>>> print(open('coords02.cif').read())   # mmCIF, C-alpha atoms and all ligand atoms
data_final
#
loop_
_atom_site.label_atom_id
_atom_site.label_comp_id
_atom_site.auth_asym_id
_atom_site.auth_seq_id
_atom_site.Cartn_x
_atom_site.Cartn_y
_atom_site.Cartn_z
CA MET A 110 -10.86 -23.03 -4.72
CA LYS A 111 -7.73 -22.60 -2.65
CA ILE A 112 -5.32 -19.69 -3.00
CA LEU A 113 -1.81 -19.60 -1.57
CA VAL A 114 -1.00 -16.19 -0.13
CA THR A 115 2.67 -15.50 0.60
CA GLY A 116 3.19 -12.72 3.13
CA GLY A 117 -0.43 -13.24 4.13
CA LEU A 118 0.07 -12.05 7.71
CA GLY A 119 1.35 -8.63 6.59
CA PHE A 120 -0.51 -5.34 6.25
CA ILE A 121 -1.96 -5.84 2.76
CA GLY A 122 -1.83 -9.65 2.77
CA SER A 123 -4.01 -10.05 5.87
CA GLU A 124 -6.75 -7.79 4.45
CA THR A 125 -6.60 -9.70 1.20
CA VAL A 126 -6.95 -13.02 3.02
CA ILE A 127 -10.13 -11.63 4.61
CA SER A 128 -11.51 -10.52 1.24
CA LEU A 129 -10.69 -13.91 -0.29
CA ILE A 130 -12.49 -15.75 2.52
CA GLU A 131 -15.46 -13.39 2.24
CA ASN A 132 -15.60 -14.25 -1.47
CA GLY A 133 -15.72 -17.99 -0.86
CA TYR A 134 -12.05 -18.87 -1.36
CA GLU A 135 -10.04 -21.13 0.89
CA VAL A 136 -6.63 -19.79 1.80
CA VAL A 137 -3.26 -21.13 2.83
CA ILE A 138 -0.86 -18.51 4.14
CA VAL A 139 2.90 -18.76 3.93
CA ASP A 140 4.85 -16.21 5.96
CA ASN A 141 8.19 -16.24 7.78
CA LEU A 142 7.01 -13.59 10.29
CA ALA A 143 9.93 -11.34 9.31
CA ASN A 144 7.61 -8.33 9.51
CA SER A 145 4.38 -9.66 11.02
CA LYS A 146 2.98 -11.29 14.12
CA ILE A 147 1.31 -14.66 14.48
CA GLY A 148 -1.51 -12.90 16.39
CA VAL A 149 -2.76 -11.64 13.01
CA LEU A 150 -4.00 -15.17 12.29
CA ASP A 151 -6.28 -15.08 15.37
CA ARG A 152 -7.62 -11.72 14.27
CA ILE A 153 -8.38 -13.00 10.76
CA GLU A 154 -10.31 -15.82 12.44
CA THR A 155 -12.18 -13.39 14.71
CA ILE A 156 -13.20 -11.25 11.72
CA THR A 157 -14.15 -14.02 9.27
CA GLY A 158 -14.99 -16.96 11.52
CA VAL A 159 -12.52 -19.01 9.49
CA ARG A 160 -8.97 -19.88 10.46
CA PRO A 161 -6.94 -20.13 7.26
CA ASP A 162 -4.18 -22.71 7.00
CA PHE A 163 -0.83 -21.22 7.93
CA VAL A 164 2.67 -22.54 7.33
CA LYS A 165 5.69 -20.70 8.69
CA VAL A 166 8.06 -20.84 5.75
CA ASP A 167 10.69 -18.56 4.29
CA CYS A 168 10.04 -18.40 0.54
CA CYS A 169 13.82 -18.33 0.06
CA ASP A 170 13.79 -21.97 1.29
CA LYS A 171 12.93 -23.73 -1.94
CA GLU A 172 12.46 -27.17 -0.45
CA ALA A 173 10.10 -25.97 2.27
CA LEU A 174 8.12 -24.01 -0.30
CA ASN A 175 7.79 -27.09 -2.53
CA GLN A 176 6.49 -29.04 0.47
CA VAL A 177 3.73 -26.48 0.90
CA PHE A 178 2.64 -27.03 -2.71
CA ASP A 179 2.80 -30.82 -2.13
CA ALA A 180 0.60 -30.54 0.95
CA TYR A 181 -1.91 -27.96 -0.30
CA PRO A 182 -3.23 -28.18 -3.84
CA VAL A 183 -3.94 -24.57 -4.89
CA SER A 184 -5.34 -22.95 -8.02
CA GLY A 185 -3.48 -19.66 -7.71
CA VAL A 186 -0.95 -17.64 -5.74
CA ILE A 187 -0.83 -14.06 -4.50
CA HIS A 188 2.74 -13.10 -3.74
CA PHE A 189 3.04 -10.38 -1.09
CA ALA A 190 6.12 -11.75 0.69
CA GLY A 191 8.93 -9.26 0.47
CA LEU A 192 10.92 -6.69 2.38
CA LYS A 193 9.64 -3.17 1.84
CA ALA A 194 11.48 -0.58 3.95
CA VAL A 195 13.06 1.90 1.56
CA GLY A 196 15.71 3.28 3.95
CA GLU A 197 16.72 -0.18 5.14
CA SER A 198 17.11 -1.32 1.53
CA VAL A 199 19.72 1.41 1.03
CA ARG A 200 21.65 0.18 4.08
CA ILE A 201 21.45 -3.57 3.36
CA PRO A 202 20.80 -3.86 -0.38
CA LEU A 203 21.92 -7.48 -0.72
CA ALA A 204 19.37 -8.63 1.85
CA TYR A 205 16.68 -6.95 -0.26
CA TYR A 206 17.88 -8.36 -3.58
CA ARG A 207 18.28 -11.81 -2.05
CA ASN A 208 14.94 -11.90 -0.25
CA ASN A 209 12.72 -10.29 -2.87
CA LEU A 210 14.24 -11.87 -5.96
CA LEU A 211 15.02 -15.33 -4.61
CA SER A 212 11.61 -15.75 -2.98
CA THR A 213 9.93 -14.90 -6.29
CA ILE A 214 12.11 -17.21 -8.39
CA ASN A 215 11.62 -20.08 -5.93
CA LEU A 216 7.90 -19.48 -5.92
CA VAL A 217 7.52 -19.48 -9.69
CA GLU A 218 9.63 -22.64 -9.99
CA ALA A 219 7.53 -24.37 -7.33
CA MET A 220 4.35 -23.28 -9.14
CA ALA A 221 5.64 -24.66 -12.45
CA ALA A 222 6.61 -27.94 -10.78
CA HIS A 223 3.07 -28.27 -9.40
CA ASN A 224 1.15 -27.06 -12.47
CA VAL A 225 -0.15 -23.95 -10.73
CA TYR A 226 -0.37 -21.21 -13.34
CA ASN A 227 -2.11 -18.16 -11.86
CA LEU A 228 0.09 -15.60 -10.10
CA VAL A 229 -0.60 -12.13 -8.73
CA PHE A 230 2.49 -10.08 -7.85
CA SER A 231 2.68 -7.04 -5.53
CA SER A 232 4.47 -4.38 -7.52
CA SER A 233 4.56 -0.69 -6.74
CA ALA A 234 4.09 2.72 -8.32
CA THR A 235 7.74 3.20 -7.43
CA VAL A 236 8.58 1.50 -10.80
CA TYR A 237 7.44 4.69 -12.59
CA GLY A 238 10.24 6.71 -10.93
CA ASP A 239 9.86 10.50 -11.10
CA PRO A 240 6.85 10.97 -13.38
CA LYS A 241 7.14 13.27 -16.39
CA GLU A 242 3.40 13.25 -16.92
CA LEU A 243 0.40 12.61 -14.68
CA PRO A 244 -1.75 10.62 -14.20
CA LEU A 245 0.32 7.47 -14.61
CA LEU A 246 -0.95 4.90 -17.08
CA GLU A 247 0.13 1.26 -17.17
CA THR A 248 1.72 2.12 -20.53
CA THR A 249 3.76 5.01 -19.10
CA PRO A 250 7.44 4.10 -19.55
CA LEU A 251 9.11 2.96 -16.32
CA GLY A 252 11.50 5.42 -14.68
CA GLU A 253 14.69 5.29 -12.65
CA THR A 254 14.13 3.85 -9.19
CA THR A 255 15.78 5.69 -6.31
CA ASN A 256 16.54 2.78 -3.98
CA PRO A 257 17.23 -0.99 -3.96
CA TYR A 258 13.70 -1.81 -2.74
CA GLY A 259 12.18 -0.10 -5.77
CA GLU A 260 14.70 -1.75 -8.03
CA THR A 261 13.68 -5.22 -6.78
CA LYS A 262 10.10 -4.45 -7.89
CA LYS A 263 11.27 -3.36 -11.32
CA MET A 264 13.54 -6.40 -11.67
CA ILE A 265 10.80 -8.82 -10.62
CA GLU A 266 8.39 -7.27 -13.13
CA ARG A 267 11.02 -7.93 -15.81
CA ILE A 268 11.73 -11.47 -14.58
CA LEU A 269 8.04 -12.36 -14.60
CA THR A 270 7.53 -10.79 -18.02
CA ASP A 271 10.43 -12.79 -19.50
CA PHE A 272 9.22 -15.93 -17.75
CA ASN A 273 5.72 -15.44 -19.13
CA LYS A 274 7.03 -15.07 -22.71
CA ALA A 275 8.78 -18.43 -22.36
CA ASN A 276 5.87 -20.02 -20.49
CA PRO A 277 2.65 -18.65 -21.97
CA GLN A 278 0.54 -21.16 -20.05
CA PHE A 279 1.13 -18.89 -17.02
CA ASN A 280 -1.30 -16.10 -16.18
CA ILE A 281 0.43 -13.31 -14.32
CA ALA A 282 -0.86 -10.00 -12.98
CA LEU A 283 1.57 -7.27 -11.99
CA LEU A 284 -0.30 -4.97 -9.62
CA ARG A 285 1.24 -1.55 -9.15
CA TYR A 286 -0.01 -0.28 -5.80
CA PHE A 287 -0.05 3.41 -5.08
CA ASN A 288 -0.04 4.37 -1.35
CA PRO A 289 -2.00 1.86 0.76
CA ILE A 290 -3.31 3.24 4.07
CA GLY A 291 -6.08 2.50 6.57
CA GLY A 292 -7.08 -0.69 8.29
CA HIS A 293 -9.92 -3.11 8.89
CA LYS A 294 -13.14 -1.45 10.04
CA SER A 295 -13.12 -3.60 13.19
CA GLY A 296 -9.94 -1.88 14.37
CA LEU A 297 -8.34 -5.33 14.67
CA LEU A 298 -5.96 -5.04 11.73
CA GLY A 299 -3.87 -2.19 10.38
CA GLU A 300 -0.36 -1.04 9.65
CA ASP A 301 1.95 -2.13 12.45
CA PRO A 302 5.52 -1.09 11.66
CA THR A 303 8.38 -1.96 13.98
CA GLY A 304 10.48 1.00 15.10
CA ILE A 305 10.03 4.50 13.74
CA PRO A 306 7.48 4.48 10.92
CA ASN A 307 8.83 5.41 7.49
CA ASN A 308 5.44 5.98 5.94
CA LEU A 309 3.19 8.94 6.52
CA LEU A 310 -0.01 7.46 7.96
CA PRO A 311 1.49 5.23 10.68
CA TYR A 312 3.60 8.19 11.79
CA VAL A 313 0.50 10.38 11.93
CA THR A 314 -1.49 7.83 13.98
CA GLN A 315 1.39 7.44 16.43
CA VAL A 316 1.47 11.23 16.90
CA ALA A 317 -2.31 11.20 17.30
CA ILE A 318 -2.16 8.86 20.30
CA GLY A 319 0.82 10.66 21.83
CA ARG A 320 3.43 8.00 21.09
CA ARG A 321 5.40 10.63 19.15
CA ASP A 322 5.54 14.43 19.64
CA LYS A 323 4.91 15.69 16.17
CA LEU A 324 5.03 14.83 12.51
CA HIS A 325 8.03 15.85 10.41
CA VAL A 326 6.71 17.09 7.08
CA TYR A 327 9.38 16.49 4.48
CA GLY A 328 9.37 19.72 2.51
CA ASN A 329 6.80 22.46 1.88
CA ASP A 330 8.58 23.94 -1.14
CA TYR A 331 7.43 21.50 -3.82
CA PRO A 332 5.72 22.93 -6.90
CA THR A 333 2.24 21.90 -5.68
CA GLU A 334 -0.68 23.99 -4.47
CA ASP A 335 0.33 23.88 -0.78
CA GLY A 336 4.02 23.03 -1.28
CA THR A 337 3.80 19.43 0.01
CA CYS A 338 4.08 16.23 -2.05
CA ILE A 339 1.07 14.62 -3.64
CA ARG A 340 0.30 10.88 -3.54
CA ASP A 341 -2.58 8.59 -4.45
CA TYR A 342 -3.64 7.13 -1.08
CA ILE A 343 -5.75 4.00 -1.40
CA HIS A 344 -7.66 2.28 1.43
CA VAL A 345 -6.07 -1.11 2.10
CA CYS A 346 -9.51 -2.81 1.99
CA ASP A 347 -10.11 -1.44 -1.52
CA LEU A 348 -6.69 -2.75 -2.46
CA ALA A 349 -7.57 -6.15 -0.98
CA GLU A 350 -10.76 -6.28 -3.05
CA GLY A 351 -8.68 -5.44 -6.12
CA HIS A 352 -6.75 -8.68 -5.54
CA VAL A 353 -9.91 -10.76 -5.44
CA ALA A 354 -11.05 -9.15 -8.71
CA THR A 355 -7.63 -9.94 -10.22
CA ILE A 356 -7.69 -13.58 -9.10
CA LYS A 357 -11.16 -13.96 -10.67
CA TYR A 358 -9.91 -12.33 -13.87
CA LEU A 359 -6.89 -14.64 -14.13
CA GLU A 360 -9.16 -17.66 -13.82
CA GLU A 361 -10.80 -16.64 -17.10
CA LYS A 362 -8.32 -14.61 -19.14
CA PRO A 363 -4.85 -15.94 -19.76
CA GLY A 364 -1.65 -13.95 -20.26
CA LEU A 365 0.33 -11.24 -18.51
CA VAL A 366 -1.51 -8.13 -17.37
CA ILE A 367 -0.53 -4.97 -15.53
CA PHE A 368 -2.90 -2.88 -13.44
CA ASN A 369 -2.50 0.31 -11.45
CA LEU A 370 -4.34 -0.04 -8.16
CA GLY A 371 -4.98 3.46 -6.87
CA THR A 372 -7.88 5.86 -6.60
CA GLY A 373 -6.93 8.20 -9.44
CA LYS A 374 -6.91 11.13 -7.01
CA GLY A 375 -3.89 12.90 -5.55
CA THR A 376 -3.78 14.25 -1.99
CA SER A 377 -1.02 16.41 -0.52
CA VAL A 378 0.58 15.79 2.89
CA PHE A 379 -1.36 18.76 4.28
CA GLY A 380 -4.47 17.34 2.61
CA VAL A 381 -3.97 14.10 4.54
CA LEU A 382 -3.60 16.02 7.82
CA LYS A 383 -6.83 17.90 7.10
CA ALA A 384 -8.68 14.66 6.27
CA PHE A 385 -7.28 13.08 9.44
CA GLU A 386 -8.52 15.95 11.59
CA GLU A 387 -11.95 15.88 9.95
CA ALA A 388 -12.23 12.12 10.41
CA THR A 389 -10.96 11.86 13.98
CA GLY A 390 -11.15 15.33 15.52
CA VAL A 391 -7.42 15.11 16.26
CA LYS A 392 -5.16 17.92 15.07
CA ILE A 393 -1.67 16.71 14.28
CA PRO A 394 1.22 18.94 15.39
CA TYR A 395 4.00 19.11 12.82
CA GLN A 396 7.21 20.83 11.86
CA ILE A 397 8.59 21.38 8.39
CA ASP A 398 11.80 19.48 7.68
CA PRO A 399 13.96 19.42 4.54
CA ARG A 400 12.85 17.31 1.59
CA ARG A 401 13.47 13.56 1.95
CA PRO A 402 15.94 12.27 -0.64
CA GLY A 403 14.25 10.15 -3.31
CA ASP A 404 10.77 11.66 -2.86
CA VAL A 405 8.97 12.64 -6.06
CA THR A 406 6.80 15.76 -6.18
CA ALA A 407 3.60 14.03 -7.18
CA ASN A 408 2.23 10.74 -8.40
CA TYR A 409 -1.23 9.44 -8.91
CA ALA A 410 -2.76 6.77 -11.07
CA ASN A 411 -5.01 6.57 -14.02
CA VAL A 412 -7.24 3.68 -12.92
CA ASP A 413 -9.43 3.30 -16.02
CA LYS A 414 -7.87 -0.03 -17.00
CA ALA A 415 -8.66 -1.76 -13.68
CA GLU A 416 -12.15 -0.30 -13.72
CA LYS A 417 -12.86 -1.46 -17.27
CA ILE A 418 -11.24 -4.89 -17.17
CA LEU A 419 -11.45 -5.95 -13.51
CA HIS A 420 -14.74 -4.11 -12.84
CA TRP A 421 -13.06 -2.87 -9.69
CA LYS A 422 -12.87 0.62 -8.30
CA ALA A 423 -11.73 2.07 -4.96
CA LYS A 424 -14.85 2.91 -2.93
CA ARG A 425 -13.42 4.42 0.26
CA ASP A 426 -11.89 7.90 0.57
CA VAL A 427 -8.85 9.22 2.44
CA LYS A 428 -11.01 10.37 5.35
CA GLN A 429 -12.37 6.86 5.84
CA ALA A 430 -8.83 5.44 5.65
CA CYS A 431 -7.62 7.97 8.26
CA PHE A 432 -10.48 7.00 10.56
CA ASP A 433 -9.78 3.27 10.22
CA ALA A 434 -6.02 3.72 10.68
CA TYR A 435 -6.69 5.78 13.81
CA GLN A 436 -9.13 3.20 15.20
CA PHE A 437 -6.50 0.51 14.81
CA GLN A 438 -3.87 2.64 16.54
CA VAL A 439 -6.20 3.53 19.42
CA LYS A 440 -7.13 -0.12 19.99
CA ASN A 441 -3.54 -1.28 19.55
CA PRO A 442 -1.36 1.53 20.91
CA LYS A 443 1.72 -0.68 20.85
CA GLY A 444 0.74 -2.57 17.72
CA ILE A 445 -0.32 -6.21 17.65
CA GLU A 446 1.17 -8.07 20.59
P1 LIG B 501 4.34 -6.28 5.12
O1 LIG B 501 5.77 -6.20 5.50
O2 LIG B 501 3.31 -5.89 6.11
O3 LIG B 501 3.99 -7.75 4.59
C1 LIG B 501 4.93 -8.57 3.95
C2 LIG B 501 4.89 -9.94 4.62
O4 LIG B 501 5.82 -10.81 3.96
C3 LIG B 501 5.29 -9.90 6.09
O5 LIG B 501 4.30 -10.58 6.85
C4 LIG B 501 6.63 -10.62 6.15
O6 LIG B 501 6.81 -11.31 7.36
C5 LIG B 501 6.53 -11.55 4.95
N1 LIG B 501 7.80 -11.94 4.34
C6 LIG B 501 8.84 -11.16 3.96
N2 LIG B 501 9.81 -11.89 3.40
C7 LIG B 501 9.38 -13.19 3.40
C8 LIG B 501 9.92 -14.41 2.96
N3 LIG B 501 11.12 -14.48 2.40
N4 LIG B 501 9.19 -15.53 3.12
C9 LIG B 501 7.98 -15.50 3.71
N5 LIG B 501 7.42 -14.37 4.15
C10 LIG B 501 8.10 -13.22 4.00
O7 LIG B 501 4.17 -5.42 3.77
P2 LIG B 501 2.86 -4.95 3.03
O8 LIG B 501 2.74 -3.48 3.20
O9 LIG B 501 1.73 -5.81 3.38
O10 LIG B 501 3.30 -5.20 1.53
C11 LIG B 501 3.02 -6.42 0.87
C12 LIG B 501 3.70 -6.38 -0.49
O11 LIG B 501 3.25 -5.24 -1.23
C13 LIG B 501 5.22 -6.27 -0.41
O12 LIG B 501 5.79 -7.04 -1.45
C14 LIG B 501 5.47 -4.81 -0.66
O13 LIG B 501 6.73 -4.56 -1.20
C15 LIG B 501 4.37 -4.47 -1.65
N6 LIG B 501 4.01 -3.04 -1.65
C16 LIG B 501 3.69 -2.44 -0.46
C17 LIG B 501 3.37 -1.08 -0.47
C18 LIG B 501 3.01 -0.36 0.82
O14 LIG B 501 3.02 0.85 0.84
N7 LIG B 501 2.68 -1.05 1.90
C19 LIG B 501 3.37 -0.34 -1.67
C20 LIG B 501 3.69 -1.01 -2.84
C21 LIG B 501 4.00 -2.36 -2.83
C1 LIG B 502 7.36 5.11 -0.09
C2 LIG B 502 8.45 4.62 -1.01
C3 LIG B 502 7.87 3.66 -2.02
C4 LIG B 502 7.15 2.53 -1.32
C5 LIG B 502 6.11 3.10 -0.38
C6 LIG B 502 5.47 2.02 0.44
C7 LIG B 502 10.16 6.37 -1.13
C8 LIG B 502 10.83 7.37 -1.99
N1 LIG B 502 9.12 5.73 -1.66
O1 LIG B 502 6.41 5.84 -0.86
O2 LIG B 502 8.92 3.13 -2.81
O3 LIG B 502 6.52 1.69 -2.27
O4 LIG B 502 6.72 4.03 0.52
O5 LIG B 502 6.34 1.49 1.38
O6 LIG B 502 10.53 6.19 0.01
N2 LIG B 502 6.06 12.09 4.61
C9 LIG B 502 6.28 13.08 5.55
N3 LIG B 502 6.64 12.71 6.80
C10 LIG B 502 6.80 11.41 7.18
C11 LIG B 502 6.58 10.40 6.22
C12 LIG B 502 6.23 10.78 4.94
O7 LIG B 502 6.15 14.27 5.24
O8 LIG B 502 7.15 11.14 8.33
C13 LIG B 502 5.64 12.47 3.26
C14 LIG B 502 6.61 12.05 2.18
O9 LIG B 502 7.52 13.07 1.92
C15 LIG B 502 5.66 11.80 0.99
C16 LIG B 502 4.35 11.37 1.64
O10 LIG B 502 4.44 11.79 3.00
O11 LIG B 502 5.42 13.00 0.34
C17 LIG B 502 4.13 9.87 1.58
O12 LIG B 502 5.29 9.22 2.10
P1 LIG B 502 5.35 7.64 2.35
O13 LIG B 502 4.17 7.23 3.13
O14 LIG B 502 6.69 7.31 2.90
O15 LIG B 502 5.16 7.02 0.90
P2 LIG B 502 6.00 7.28 -0.44
O16 LIG B 502 7.20 8.07 -0.21
O17 LIG B 502 5.04 7.78 -1.45
#
>>> encode(input="coords02.cif", output="structure tokens", more="lines below")
Ligand code: NAD
Ligand code: UD1
Amino acid sequence: MKILVTGGLGFIGSETVISLIENGYEVVIVDNLANSKIGVLDRIETITGVRPDFVKVDCCDKEALNQVFDAYPVSGVIHFAGLKAVGESVRIPLAYYRNNLLSTINLVEAMAAHNVYNLVFSSSATVYGDPKELPLLETTPLGETTNPYGETKKMIERILTDFNKANPQFNIALLRYFNPIGGHKSGLLGEDPTGIPNNLLPYVTQVAIGRRDKLHVYGNDYPTEDGTCIRDYIHVCDLAEGHVATIKYLEEKPGLVIFNLGTGKGTSVFGVLKAFEEATGVKIPYQIDPRRPGDVTANYANVDKAEKILHWKAKRDVKQACFDAYQFQVKNPKGIE
């Protein structure tokens, strides 16, 4: 069976392509390389021994996308393609609304035109906003998003839900990721942001190899045990395996489903630094900065639904993810060339 993976050269997409191949699926990747390098394709081949089909296409180009469906008969789609930098989305909101919404609408229309009915969408825990109660359940009411990026996720969830009501032959999974970190155990793939990293782990690994002086910890006056924010950090390979479980589920059970993909455990920023030091032996210098606007004190998932229905559970811990992220950074000090 062949799966089309949009954004399949990105951080989460590339790991998912590997998991799909390891589970016997054929893959065709569509990516416009807006935030990824073509070298990732070689690395997927090195790791799996299989070179997936790749077409350089912008999902906002409807005609080109339709041509991909004409050329490659597929049984399902995993839609990772999207812009994801929170700060950038505040500066250029229209680019985010255009890219994330239009690519999704084009994709669903192309699927309908080609009788492809199984879709997995990359949503985010950001749709819950500032949680009133923890852990977060899939039934927890959605909250106010704090930036255009987050709003695109919430809007796409709504678009796909409305679309599914009108087109019940579609099977759609909305996967709400918590905080993906880590990399492939080979050290060949990992998070490779351009410019100054926005997210915690890539910043930490760049400090660890001396590319940056020290980490800026955004606030130590939150109402948590050590004063720093708490998140549910999930190893990207666990997340990838969650997608394979979801694709298998959609093949059997029709309808629209929502799953939290996290570990169910919260870790503070200082907790991550401790795990990083234990995993790598590297102590990360840091300074305390003011809180970052838009950050919530704590969020972590209830993951019972995914465990019960998908028979999937995160197996790797934060320490393992820190080790794998560090390995990737050490082997690729300037990222993937
Ligand atoms: P990424 O930027 O590494 O991967 C996204 C890929 O999509 C990139 O390779 C990029 O070139 C491609 N792309 C973007 N716009 C495109 C377009 N119009 N047409 C074709 N390709 C396009 O990001 P990631 O971390 O792998 O995230 C994948 C998805 O998961 C995104 O939708 C993201 O919003 C979502 N998500 C990520 C996180 C996270 O922390 N990384 C958390 C929650 C949700
Ligand atoms: C952020 C986004 C979220 C998005 C996710 C993945 C916000 C408000 N949320 O999540 O919408 O889905 O990234 O792209 O931006 N931290 C530091 N120093 C740093 C970086 C981070 O102390 O240099 C802290 C943050 O304050 C936070 C934690 O580390 O407490 C995790 O931050 P980050 O990795 O950016 O993820 P989120 O903010 O949870």
>>> residues_near_ligand(input="coords02.cif", ligand="ligand LIG 502 (chain B)", cutoff="6 Å", atoms="only C-alpha atoms and all ligand atoms", output="list in words")
Lys193, Val195, Ser233, Thr235, Gly259, Asn307, Asn308, Leu309, Tyr312, Leu324, His325, Val326, Tyr327, Cys338, Val378, Arg401, Gly403 and Asp404 of chain A
>>> closest_residue(input="coords02.cif", among="A:Ala282, A:Val159, A:Leu203, A:Ile290", to="ligand LIG 501 (chain B)", atoms="only C-alpha atoms and all ligand atoms")
A:Ile290
>>> axis_aligned_box(input="coords02.cif", around="ligand LIG 501 (chain B)", padding_each_side="5 Å", output="lines of an AutoDock Vina configuration file")
center_x = 6.4
center_y = -7.3
center_z = 2.3
size_x = 19.4
size_y = 26.4
size_z = 20.2
>>> closest_residue(input="coords02.cif", among="A:Phe178, A:Tyr395, A:Tyr205, A:Tyr226", to="Ala190 in chain A", atoms="only C-alpha atoms")
A:Tyr205
>>> residues_around(input="coords02.cif", residues="range 291-301 of chain A", least_positions_apart="6", cutoff="6 Å", atoms="all atoms listed in the file", output="list in words")
Phe120, His344, Val345, Ala430, Cys431, Asp433, Ala434, Gln436, Phe437 and Gly444 of chain A
>>> closest_residue(input="coords02.cif", among="A:Leu243, A:Val164, A:Val139, A:Thr261", to="Arg207 in chain A", atoms="all atoms listed in the file")
A:Thr261
>>> decode(input="coords02.cif", residues="range 387-398 of chain A", atoms="N, CA, C and O atoms", output="PDB file, in the first residue's frame")
ATOM      1  N   GLU A 387      22.294  14.201  32.292  1.00  0.00           N
ATOM      2  CA  GLU A 387      22.422  12.773  32.628  1.00  0.00           C
ATOM      3  C   GLU A 387      22.671  11.934  31.372  1.00  0.00           C
ATOM      4  O   GLU A 387      23.441  10.982  31.374  1.00  0.00           O
ATOM      5  N   ALA A 388      22.024  12.321  30.274  1.00  0.00           N
ATOM      6  CA  ALA A 388      22.126  11.522  29.046  1.00  0.00           C
ATOM      7  C   ALA A 388      23.451  11.740  28.324  1.00  0.00           C
ATOM      8  O   ALA A 388      23.969  10.826  27.685  1.00  0.00           O
ATOM      9  N   THR A 389      23.986  12.952  28.403  1.00  0.00           N
ATOM     10  CA  THR A 389      25.122  13.302  27.543  1.00  0.00           C
ATOM     11  C   THR A 389      26.383  13.663  28.325  1.00  0.00           C
ATOM     12  O   THR A 389      27.464  13.764  27.732  1.00  0.00           O
ATOM     13  N   GLY A 390      26.225  13.931  29.619  1.00  0.00           N
ATOM     14  CA  GLY A 390      27.363  14.393  30.415  1.00  0.00           C
ATOM     15  C   GLY A 390      27.660  15.876  30.203  1.00  0.00           C
ATOM     16  O   GLY A 390      28.623  16.403  30.765  1.00  0.00           O
ATOM     17  N   VAL A 391      26.828  16.551  29.419  1.00  0.00           N
ATOM     18  CA  VAL A 391      27.092  17.974  29.145  1.00  0.00           C
ATOM     19  C   VAL A 391      26.158  18.847  29.987  1.00  0.00           C
ATOM     20  O   VAL A 391      24.931  18.697  29.934  1.00  0.00           O
ATOM     21  N   LYS A 392      26.780  19.754  30.754  1.00  0.00           N
ATOM     22  CA  LYS A 392      25.995  20.688  31.575  1.00  0.00           C
ATOM     23  C   LYS A 392      25.727  21.931  30.742  1.00  0.00           C
ATOM     24  O   LYS A 392      26.646  22.488  30.137  1.00  0.00           O
ATOM     25  N   ILE A 393      24.499  22.359  30.719  1.00  0.00           N
ATOM     26  CA  ILE A 393      24.121  23.482  29.864  1.00  0.00           C
ATOM     27  C   ILE A 393      24.112  24.794  30.665  1.00  0.00           C
ATOM     28  O   ILE A 393      23.331  24.941  31.617  1.00  0.00           O
ATOM     29  N   PRO A 394      24.988  25.735  30.307  1.00  0.00           N
ATOM     30  CA  PRO A 394      24.923  27.038  30.981  1.00  0.00           C
ATOM     31  C   PRO A 394      23.647  27.790  30.581  1.00  0.00           C
ATOM     32  O   PRO A 394      23.215  27.670  29.433  1.00  0.00           O
ATOM     33  N   TYR A 395      23.071  28.497  31.533  1.00  0.00           N
ATOM     34  CA  TYR A 395      21.838  29.225  31.201  1.00  0.00           C
ATOM     35  C   TYR A 395      21.731  30.513  32.001  1.00  0.00           C
ATOM     36  O   TYR A 395      22.421  30.692  33.005  1.00  0.00           O
ATOM     37  N   GLN A 396      20.882  31.398  31.523  1.00  0.00           N
ATOM     38  CA  GLN A 396      20.493  32.555  32.326  1.00  0.00           C
ATOM     39  C   GLN A 396      18.972  32.636  32.333  1.00  0.00           C
ATOM     40  O   GLN A 396      18.312  32.143  31.406  1.00  0.00           O
ATOM     41  N   ILE A 397      18.444  33.243  33.375  1.00  0.00           N
ATOM     42  CA  ILE A 397      16.992  33.376  33.464  1.00  0.00           C
ATOM     43  C   ILE A 397      16.574  34.681  32.779  1.00  0.00           C
ATOM     44  O   ILE A 397      17.099  35.744  33.098  1.00  0.00           O
ATOM     45  N   ASP A 398      15.671  34.561  31.840  1.00  0.00           N
ATOM     46  CA  ASP A 398      15.112  35.724  31.146  1.00  0.00           C
ATOM     47  C   ASP A 398      13.652  35.888  31.560  1.00  0.00           C
ATOM     48  O   ASP A 398      13.087  34.999  32.188  1.00  0.00           O
TER      49      ASP A 398
END
